[in-house]
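model_39.cif follows; it contains mmCIF, C-alpha atoms and all ligand atoms.
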data_protein
#
loop_
_atom_site.label_atom_id
_atom_site.label_comp_id
_atom_site.auth_asym_id
_atom_site.auth_seq_id
_atom_site.Cartn_x
_atom_site.Cartn_y
_atom_site.Cartn_z
CA MET F 7 9.31 -16.80 0.19
CA ARG F 8 7.65 -13.41 -0.38
CA ASN F 9 5.87 -12.72 -3.65
CA ARG F 10 6.67 -9.26 -4.90
CA MET F 11 3.84 -6.77 -5.05
CA ILE F 12 3.21 -3.74 -7.25
CA ALA F 13 0.27 -1.67 -6.02
CA GLY F 14 -1.12 1.38 -7.81
CA ASN F 15 -2.63 4.12 -5.68
CA TRP F 16 -4.78 6.26 -7.97
CA LYS F 17 -5.52 8.73 -5.16
CA MET F 18 -8.24 11.27 -6.08
CA ASN F 19 -7.89 10.74 -9.81
CA LYS F 20 -10.17 9.20 -12.45
CA THR F 21 -13.93 9.53 -12.67
CA PHE F 22 -15.99 6.34 -12.94
CA SER F 23 -15.71 6.08 -16.72
CA GLU F 24 -12.03 7.08 -16.74
CA GLY F 25 -11.35 4.50 -14.07
CA VAL F 26 -12.98 1.75 -16.10
CA VAL F 27 -10.85 2.72 -19.11
CA LEU F 28 -7.62 2.74 -17.08
CA ALA F 29 -8.43 -0.60 -15.45
CA GLN F 30 -9.19 -2.14 -18.85
CA GLY F 31 -5.88 -0.80 -20.18
CA ILE F 32 -3.97 -2.35 -17.29
CA VAL F 33 -5.75 -5.68 -17.71
CA ASP F 34 -4.97 -5.68 -21.44
CA GLU F 35 -1.27 -4.82 -20.88
CA LEU F 36 -0.95 -7.59 -18.32
CA ALA F 37 -3.04 -10.16 -20.20
CA GLY F 38 0.00 -12.43 -20.49
CA GLY F 39 -0.01 -12.89 -16.71
CA THR F 40 2.10 -11.44 -13.92
CA GLY F 41 3.95 -14.57 -12.80
CA ALA F 42 4.60 -14.56 -9.08
CA VAL F 43 3.99 -10.81 -8.77
CA ASP F 44 0.86 -9.71 -6.93
CA VAL F 45 -0.63 -6.70 -8.70
CA VAL F 46 -3.11 -4.45 -6.91
CA ILE F 47 -4.92 -1.31 -8.03
CA ALA F 48 -6.57 1.17 -5.68
CA PRO F 49 -9.11 3.41 -7.46
CA PRO F 50 -11.28 6.01 -5.73
CA ALA F 51 -14.27 4.51 -3.86
CA VAL F 52 -16.88 5.36 -6.50
CA ASP F 53 -14.82 3.56 -9.14
CA LEU F 54 -14.46 0.32 -7.18
CA LYS F 55 -17.55 -1.44 -8.51
CA GLY F 56 -16.83 -0.59 -12.16
CA VAL F 57 -13.17 -1.58 -11.89
CA SER F 58 -14.19 -4.78 -10.11
CA GLU F 59 -16.41 -5.69 -13.07
CA VAL F 60 -13.58 -5.05 -15.52
CA LEU F 61 -11.26 -7.33 -13.54
CA ASN F 62 -13.87 -10.06 -13.18
CA GLN F 63 -14.90 -10.03 -16.81
CA ALA F 64 -11.30 -10.40 -17.89
CA GLY F 65 -10.65 -13.14 -15.33
CA SER F 66 -7.68 -10.98 -14.33
CA SER F 67 -5.41 -11.77 -11.39
CA VAL F 68 -5.11 -8.03 -10.67
CA ALA F 69 -6.58 -7.42 -7.23
CA LEU F 70 -8.75 -4.53 -6.12
CA SER F 71 -7.97 -2.21 -3.22
CA ALA F 72 -9.82 0.61 -1.53
CA GLN F 73 -7.95 3.72 -0.36
CA ASN F 74 -9.63 4.08 3.03
CA VAL F 75 -12.11 2.45 5.41
CA TYR F 76 -13.88 3.16 8.69
CA TRP F 77 -13.61 0.61 11.48
CA GLU F 78 -17.26 0.41 12.53
CA GLU F 79 -19.52 -2.25 11.02
CA SER F 80 -22.34 0.13 10.02
CA GLY F 81 -24.34 3.05 11.39
CA ALA F 82 -24.46 6.81 11.60
CA TYR F 83 -21.05 7.72 10.19
CA THR F 84 -21.93 9.96 7.27
CA GLY F 85 -19.50 9.73 4.41
CA GLU F 86 -17.65 6.68 5.69
CA LEU F 87 -17.33 3.16 4.25
CA ALA F 88 -17.39 -0.06 6.28
CA PRO F 89 -15.23 -3.12 5.59
CA ALA F 90 -18.29 -5.16 4.54
CA MET F 91 -19.08 -2.53 1.89
CA LEU F 92 -15.60 -2.81 0.40
CA GLU F 93 -15.92 -6.57 0.50
CA SER F 94 -19.28 -6.38 -1.29
CA VAL F 95 -17.70 -4.73 -4.35
CA GLY F 96 -14.79 -7.13 -4.51
CA ALA F 97 -12.04 -5.20 -2.75
CA THR F 98 -9.55 -7.59 -1.17
CA TYR F 99 -7.04 -4.91 -0.10
CA CYS F 100 -7.30 -1.50 1.51
CA ILE F 101 -4.67 1.21 1.95
CA ILE F 102 -4.60 2.64 5.47
CA GLY F 103 -2.52 5.33 7.15
CA HIS F 104 -1.38 7.00 3.93
CA SER F 105 0.55 10.16 4.80
CA GLU F 106 -2.02 12.24 2.89
CA ARG F 107 -4.75 10.87 5.17
CA ARG F 108 -2.59 11.44 8.22
CA GLY F 109 -1.60 14.95 7.12
CA TYR F 110 -4.83 16.33 5.62
CA PHE F 111 -7.44 14.33 7.53
CA GLY F 112 -5.82 13.80 10.91
CA GLU F 113 -5.57 10.00 10.77
CA THR F 114 -3.59 8.77 13.78
CA ASP F 115 -1.70 5.56 14.50
CA GLU F 116 -4.58 4.55 16.73
CA ASP F 117 -6.99 4.96 13.79
CA VAL F 118 -4.66 2.98 11.54
CA ASN F 119 -4.55 0.20 14.11
CA ARG F 120 -8.34 0.07 14.40
CA LYS F 121 -8.74 0.07 10.65
CA ALA F 122 -6.29 -2.82 10.29
CA LYS F 123 -8.18 -4.89 12.84
CA ALA F 124 -11.55 -4.15 11.22
CA LEU F 125 -10.27 -5.04 7.74
CA MET F 126 -8.59 -8.25 8.87
CA ALA F 127 -11.78 -9.35 10.61
CA HIS F 128 -13.34 -9.22 7.13
CA GLY F 129 -10.45 -10.94 5.37
CA ILE F 130 -9.36 -7.72 3.64
CA THR F 131 -5.59 -7.20 3.48
CA PRO F 132 -4.39 -3.85 4.83
CA ILE F 133 -1.63 -2.01 3.01
CA SER F 134 -0.51 -0.04 6.02
CA CYS F 135 1.58 3.04 5.26
CA CYS F 136 4.29 4.64 7.35
CA GLY F 137 7.00 7.20 6.71
CA GLU F 138 8.77 10.21 8.10
CA PRO F 139 8.47 13.91 7.25
CA LEU F 140 11.47 15.82 5.88
CA GLU F 141 12.42 17.50 9.14
CA VAL F 142 12.65 14.15 10.92
CA ARG F 143 14.80 12.74 8.11
CA GLU F 144 17.08 15.79 8.19
CA ALA F 145 17.51 15.45 11.96
CA GLY F 146 18.45 11.78 11.49
CA GLY F 147 15.43 10.47 13.40
CA HIS F 148 13.77 8.62 10.51
CA VAL F 149 14.43 5.04 11.62
CA ALA F 150 13.22 5.64 15.19
CA PHE F 151 10.17 7.54 13.90
CA VAL F 152 9.07 4.75 11.56
CA VAL F 153 9.75 2.02 14.12
CA GLU F 154 7.43 3.80 16.56
CA GLN F 155 4.74 4.03 13.86
CA ILE F 156 5.04 0.30 13.16
CA LYS F 157 4.73 -0.55 16.85
CA ALA F 158 1.64 1.64 17.24
CA ASP F 159 0.02 0.56 13.97
CA THR F 160 0.40 -3.15 14.75
CA ALA F 161 -0.45 -3.02 18.48
CA GLY F 162 -2.51 -6.06 19.47
CA LEU F 163 -2.77 -7.36 15.88
CA THR F 164 -2.93 -11.10 15.35
CA ILE F 165 -1.42 -12.08 12.03
CA THR F 166 -2.32 -15.63 11.11
CA ASP F 167 -1.50 -15.30 7.40
CA PRO F 168 1.50 -13.00 6.90
CA SER F 169 0.79 -12.72 3.18
CA LYS F 170 -2.33 -10.79 4.21
CA TYR F 171 -0.71 -7.87 5.98
CA VAL F 172 1.36 -5.48 3.86
CA ILE F 173 3.42 -2.49 4.92
CA ALA F 174 4.35 0.42 2.67
CA TYR F 175 7.27 2.62 3.66
CA GLU F 176 6.73 6.01 2.06
CA PRO F 177 9.02 8.83 3.15
CA ILE F 178 6.68 11.82 2.99
CA TRP F 179 9.27 14.09 1.37
CA ALA F 180 9.47 11.69 -1.59
CA ILE F 181 5.74 11.43 -2.33
CA GLY F 182 4.59 13.17 -5.49
CA THR F 183 7.65 15.40 -5.36
CA GLY F 184 9.81 13.66 -7.92
CA LYS F 185 12.37 13.43 -5.11
CA THR F 186 13.06 9.73 -4.66
CA ALA F 187 14.74 8.11 -1.73
CA THR F 188 17.76 6.11 -2.82
CA ALA F 189 17.51 2.34 -2.78
CA ASP F 190 19.88 2.38 0.21
CA ASP F 191 17.62 4.86 2.04
CA ALA F 192 14.69 2.52 1.43
CA GLN F 193 16.61 -0.56 2.57
CA GLU F 194 17.79 1.16 5.75
CA VAL F 195 14.23 1.79 6.88
CA CYS F 196 12.64 -1.37 5.41
CA GLY F 197 15.33 -3.43 7.16
CA ALA F 198 14.53 -1.70 10.45
CA ILE F 199 10.82 -2.37 9.87
CA ARG F 200 11.58 -6.08 9.31
CA LYS F 201 13.63 -6.20 12.55
CA THR F 202 10.74 -4.59 14.43
CA LEU F 203 8.31 -7.11 12.94
CA VAL F 204 10.60 -9.95 14.09
CA GLU F 205 10.46 -8.56 17.64
CA ILE F 206 6.68 -8.22 17.53
CA PHE F 207 5.54 -11.28 15.56
CA GLY F 208 8.55 -13.60 15.50
CA ALA F 209 10.93 -14.37 12.65
CA GLU F 210 8.75 -16.71 10.66
CA THR F 211 5.84 -14.28 10.35
CA ALA F 212 8.09 -11.25 9.87
CA GLN F 213 9.97 -12.92 7.01
CA SER F 214 6.70 -13.40 5.12
CA ILE F 215 5.25 -9.89 5.46
CA ARG F 216 5.69 -7.77 2.33
CA ILE F 217 7.27 -4.35 2.77
CA LEU F 218 6.81 -1.99 -0.19
CA TYR F 219 8.63 1.23 -1.00
CA GLY F 220 6.60 4.23 -2.11
CA GLY F 221 7.47 7.77 -3.14
CA SER F 222 8.09 8.76 -6.78
CA ALA F 223 8.65 5.14 -7.75
CA LYS F 224 8.71 4.82 -11.55
CA PRO F 225 9.92 2.48 -14.29
CA GLU F 226 13.32 4.21 -14.31
CA ASN F 227 14.10 3.59 -10.65
CA ILE F 228 12.07 0.53 -9.64
CA ASN F 229 14.86 -1.99 -10.25
CA GLY F 230 17.16 -0.40 -7.71
CA PHE F 231 14.53 -0.76 -5.00
CA LEU F 232 13.61 -4.31 -5.96
CA GLU F 233 17.22 -5.42 -5.61
CA LYS F 234 17.17 -4.61 -1.91
CA GLU F 235 16.72 -7.43 0.54
CA ASP F 236 13.82 -6.02 2.50
CA VAL F 237 11.99 -4.21 -0.30
CA ASP F 238 9.32 -6.48 -1.75
CA GLY F 239 7.74 -4.15 -4.27
CA ALA F 240 6.27 -0.69 -4.59
CA LEU F 241 3.23 1.40 -3.81
CA VAL F 242 3.03 3.65 -6.84
CA GLY F 243 1.11 6.91 -7.14
CA GLY F 244 1.70 9.09 -10.19
CA ALA F 245 3.22 6.35 -12.35
CA SER F 246 0.21 4.08 -11.73
CA LEU F 247 -2.10 6.42 -13.67
CA LYS F 248 -0.63 5.45 -17.03
CA THR F 249 -1.05 1.95 -18.38
CA ASP F 250 2.41 1.70 -19.88
CA SER F 251 4.39 2.92 -16.87
CA PHE F 252 2.42 0.80 -14.41
CA ALA F 253 2.74 -2.32 -16.57
CA ALA F 254 6.45 -1.64 -17.05
CA MET F 255 6.92 -1.68 -13.26
CA VAL F 256 5.04 -4.94 -12.96
CA LYS F 257 7.23 -6.43 -15.67
CA SER F 258 10.39 -5.28 -13.84
CA ALA F 259 9.14 -7.01 -10.71
CA MET F 260 8.58 -10.23 -12.69
CA ASN F 261 12.29 -10.44 -13.62
P1 LIG Q 1 3.93 8.92 -5.85
O1 LIG Q 1 2.90 8.48 -4.68
O2 LIG Q 1 4.38 7.63 -6.50
O3 LIG Q 1 3.12 9.79 -6.76
O4 LIG Q 1 5.05 9.63 -5.19
C1 LIG Q 1 3.12 7.34 -3.91
C2 LIG Q 1 2.05 7.22 -2.86
O5 LIG Q 1 1.72 8.24 -2.24
O6 LIG Q 1 1.51 6.12 -2.62
#

Here is a file; write its structure as structure tokens.
Amino acid sequence: MRNRMIAGNWKMNKTFSEGVVLAQGIVDELAGGTGAVDVVIAPPAVDLKGVSEVLNQAGSSVALSAQNVYWEESGAYTGELAPAMLESVGATYCIIGHSERRGYFGETDEDVNRKAKALMAHGITPISCCGEPLEVREAGGHVAFVVEQIKADTAGLTITDPSKYVIAYEPIWAIGTGKTATADDAQEVCGAIRKTLVEIFGAETAQSIRILYGGSAKPENINGFLEKEDVDGALVGGASLKTDSFAAMVKSAMN
């Protein structure tokens, strides 16, 4: 019903040549195929073209993602990238609303919503991130917080192909900290996200939207998350920067 997905978010790591080497390593490790698992890698913007060439040359099924986009078509927006630009280098996914973008660069739910609409108009699949900060979790408000984010991030969206809209639940306190949410923590929130999607889009669409867990996901803990009903894969940061750990997670998802 829902193909699992393992997506690697390289963040601000890997120069152009390093990115090409890492992409080639991933392609080589996964040369035997990835079965029904959708594998996505998200290098920094300047690496996209080079990584795209590696994937194409190998005829790899690994898909390419950007880490950010601006919602306008073109124009005087110095430093920004338009959906058509991502499309032109072969990106078929784009991460939006990552907590680092929200926290360091002031990205709001309204921005995330605009970015999703702009990407979908170009046939690019958003990987839309949500997640609560530590103080909200400690006060027990995490489910309500994330549900509100989902409602705001999806406002007015039309989803015709539910395989082309992906959500990543990433509790902020678990990102890059080595502190992982438990599989039950992830299921609690991912289940609430699914329920919210049912209310917004109806059961059929909601059942086909992938919800990923992110936050210190690694080969040692991925299986626990994958066993959960509403967790369809992982958005992986640190562990996606090494060929062997990333490939190991893909292989877990194939089982
Ligand atoms: P992490 O990052 O796996 O390094 O915690 C996940 C993410 O921020 O996407």

Handout entry: Residue among F:Arg216, F:Pro225, F:Ser246, F:Ile101 lying closest to F:Asp44, counting only C-alpha atoms
Key = F:Arg216

Given 6 Å on each side, where is the centre and what are the edge lengths in Å to one decimal of the axis-aligned box enclosing the listed atoms of ligand LIG 1 (chain Q), as JSON?
{"center_x": 3.3, "center_y": 8.0, "center_z": -4.5, "size_x": 15.5, "size_y": 15.7, "size_z": 16.5}

Handout entry: 6 Å shell around ligand LIG 1 (chain Q) using only C-alpha atoms and all ligand atoms, listed as an NGL selection string
Key = :F and (15 or 181-182 or 220-223 or 241-244)

Exercise for the section: Please provide the set of residues having any atom within 7 Å of stretch 131-140 of chain F, restricted to all atoms listed in the file, with same-chain residues fewer than 6 positions apart removed, written as a list in words. Expected result: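 So the residues in contact are Thr98, Tyr99, Cys100, Ile101, Ile102, Gly103, His104, Ala122, Leu125, His148, Phe151, Val152, Gln155, Lys170, Tyr171, Val172, Ile173, Ala174, Tyr175, Glu176, Pro177, Ile178 and Trp179 of chain F.
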
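As for atom CA of F:Glu194 and atom CA of F:Ala13, they are spaced 21.3 Å apart.
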
Exercise for the section: Go through F:Ala198, F:Leu203, F:Val75, F:Ser258 one by one, measure the shortest atom-to-atom distance of each to F:Glu226 using all atoms listed in the file, and give the residue with the smallest value. Expected result: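 Under the stated criterion, the closest residue is F:Ser258.
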
Distance cut-off 10 Å, centre (-3.5, 5.4, -9.0) in file coordinates, counting all atoms listed in the file: which residues qualify? Return them as a short mmCIF file (atom, residue, chain, number, x, y, z; two decimals) with C-alpha atoms, in the frame of the given file.
data_model
loop_
_atom_site.label_atom_id
_atom_site.label_comp_id
_atom_site.auth_asym_id
_atom_site.auth_seq_id
_atom_site.Cartn_x
_atom_site.Cartn_y
_atom_site.Cartn_z
CA ALA F 13 0.27 -1.67 -6.02
CA GLY F 14 -1.12 1.38 -7.81
CA ASN F 15 -2.63 4.12 -5.68
CA TRP F 16 -4.78 6.26 -7.97
CA LYS F 17 -5.52 8.73 -5.16
CA MET F 18 -8.24 11.27 -6.08
CA ASN F 19 -7.89 10.74 -9.81
CA LYS F 20 -10.17 9.20 -12.45
CA GLY F 25 -11.35 4.50 -14.07
CA LEU F 28 -7.62 2.74 -17.08
CA ILE F 47 -4.92 -1.31 -8.03
CA ALA F 48 -6.57 1.17 -5.68
CA PRO F 49 -9.11 3.41 -7.46
CA PRO F 50 -11.28 6.01 -5.73
CA GLN F 73 -7.95 3.72 -0.36
CA LEU F 241 3.23 1.40 -3.81
CA VAL F 242 3.03 3.65 -6.84
CA GLY F 243 1.11 6.91 -7.14
CA GLY F 244 1.70 9.09 -10.19
CA ALA F 245 3.22 6.35 -12.35
CA SER F 246 0.21 4.08 -11.73
CA LEU F 247 -2.10 6.42 -13.67
CA LYS F 248 -0.63 5.45 -17.03
CA PHE F 252 2.42 0.80 -14.41
#

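Atom CA of F:Ser58 is found 18.3 Å from atom CA of F:Ala253.
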
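The residue set within 8 Å of F:Val256, counting only C-alpha atoms and dropping same-chain residues fewer than 6 places from it, reads Ile12, Thr40, Val43 and Val45 of chain F.
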
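Between atom CA of F:Met7 and atom CA of F:Ala212 lies a distance of 11.2 Å.
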
Handout entry: Which residue of F:Asp250, F:Val118, F:Thr160, F:Ala259 approaches F:Leu218 most closely, using only C-alpha atoms
Key =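 Of the candidates, the smallest distance to F:Leu218 is held by F:Ala259.
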
Practice task
Check the smallest atom-to-atom distance from each of F:Val95, F:Ile165, F:Val52, F:Ala37 to F:Gly65 using all atoms listed in the file, then report the winner.
Solution key: F:Ala37

Missing atoms in stretch 29-40 of chain F need filling: write out N, CA and C atoms for it as a PDB file, keeping the file's coordinate frame.
ATOM      1  N   ALA F  29      -8.490   0.789 -15.910  1.00  0.00           N
ATOM      2  CA  ALA F  29      -8.430  -0.600 -15.450  1.00  0.00           C
ATOM      3  C   ALA F  29      -8.379  -1.559 -16.645  1.00  0.00           C
ATOM      4  N   GLN F  30      -9.182  -1.278 -17.657  1.00  0.00           N
ATOM      5  CA  GLN F  30      -9.190  -2.140 -18.850  1.00  0.00           C
ATOM      6  C   GLN F  30      -7.813  -2.107 -19.523  1.00  0.00           C
ATOM      7  N   GLY F  31      -7.215  -0.938 -19.583  1.00  0.00           N
ATOM      8  CA  GLY F  31      -5.880  -0.800 -20.180  1.00  0.00           C
ATOM      9  C   GLY F  31      -4.849  -1.623 -19.425  1.00  0.00           C
ATOM     10  N   ILE F  32      -4.930  -1.590 -18.104  1.00  0.00           N
ATOM     11  CA  ILE F  32      -3.970  -2.350 -17.290  1.00  0.00           C
ATOM     12  C   ILE F  32      -4.175  -3.846 -17.500  1.00  0.00           C
ATOM     13  N   VAL F  33      -5.431  -4.263 -17.490  1.00  0.00           N
ATOM     14  CA  VAL F  33      -5.750  -5.680 -17.710  1.00  0.00           C
ATOM     15  C   VAL F  33      -5.210  -6.138 -19.070  1.00  0.00           C
ATOM     16  N   ASP F  34      -5.419  -5.318 -20.095  1.00  0.00           N
ATOM     17  CA  ASP F  34      -4.970  -5.680 -21.440  1.00  0.00           C
ATOM     18  C   ASP F  34      -3.436  -5.802 -21.487  1.00  0.00           C
ATOM     19  N   GLU F  35      -2.752  -4.811 -20.887  1.00  0.00           N
ATOM     20  CA  GLU F  35      -1.270  -4.820 -20.880  1.00  0.00           C
ATOM     21  C   GLU F  35      -0.728  -6.050 -20.174  1.00  0.00           C
ATOM     22  N   LEU F  36      -1.454  -6.494 -19.150  1.00  0.00           N
ATOM     23  CA  LEU F  36      -0.950  -7.590 -18.320  1.00  0.00           C
ATOM     24  C   LEU F  36      -1.640  -8.918 -18.649  1.00  0.00           C
ATOM     25  N   ALA F  37      -2.250  -8.965 -19.826  1.00  0.00           N
ATOM     26  CA  ALA F  37      -3.040 -10.160 -20.200  1.00  0.00           C
ATOM     27  C   ALA F  37      -2.194 -11.423 -20.234  1.00  0.00           C
ATOM     28  N   GLY F  38      -0.890 -11.268 -20.441  1.00  0.00           N
ATOM     29  CA  GLY F  38       0.000 -12.430 -20.490  1.00  0.00           C
ATOM     30  C   GLY F  38       0.271 -13.023 -19.113  1.00  0.00           C
ATOM     31  N   GLY F  39      -0.252 -12.397 -18.074  1.00  0.00           N
ATOM     32  CA  GLY F  39      -0.010 -12.890 -16.710  1.00  0.00           C
ATOM     33  C   GLY F  39       1.067 -12.080 -16.011  1.00  0.00           C
ATOM     34  N   THR F  40       1.123 -12.213 -14.706  1.00  0.00           N
ATOM     35  CA  THR F  40       2.100 -11.440 -13.920  1.00  0.00           C
ATOM     36  C   THR F  40       3.008 -12.353 -13.108  1.00  0.00           C
TER      37      THR F  40
END
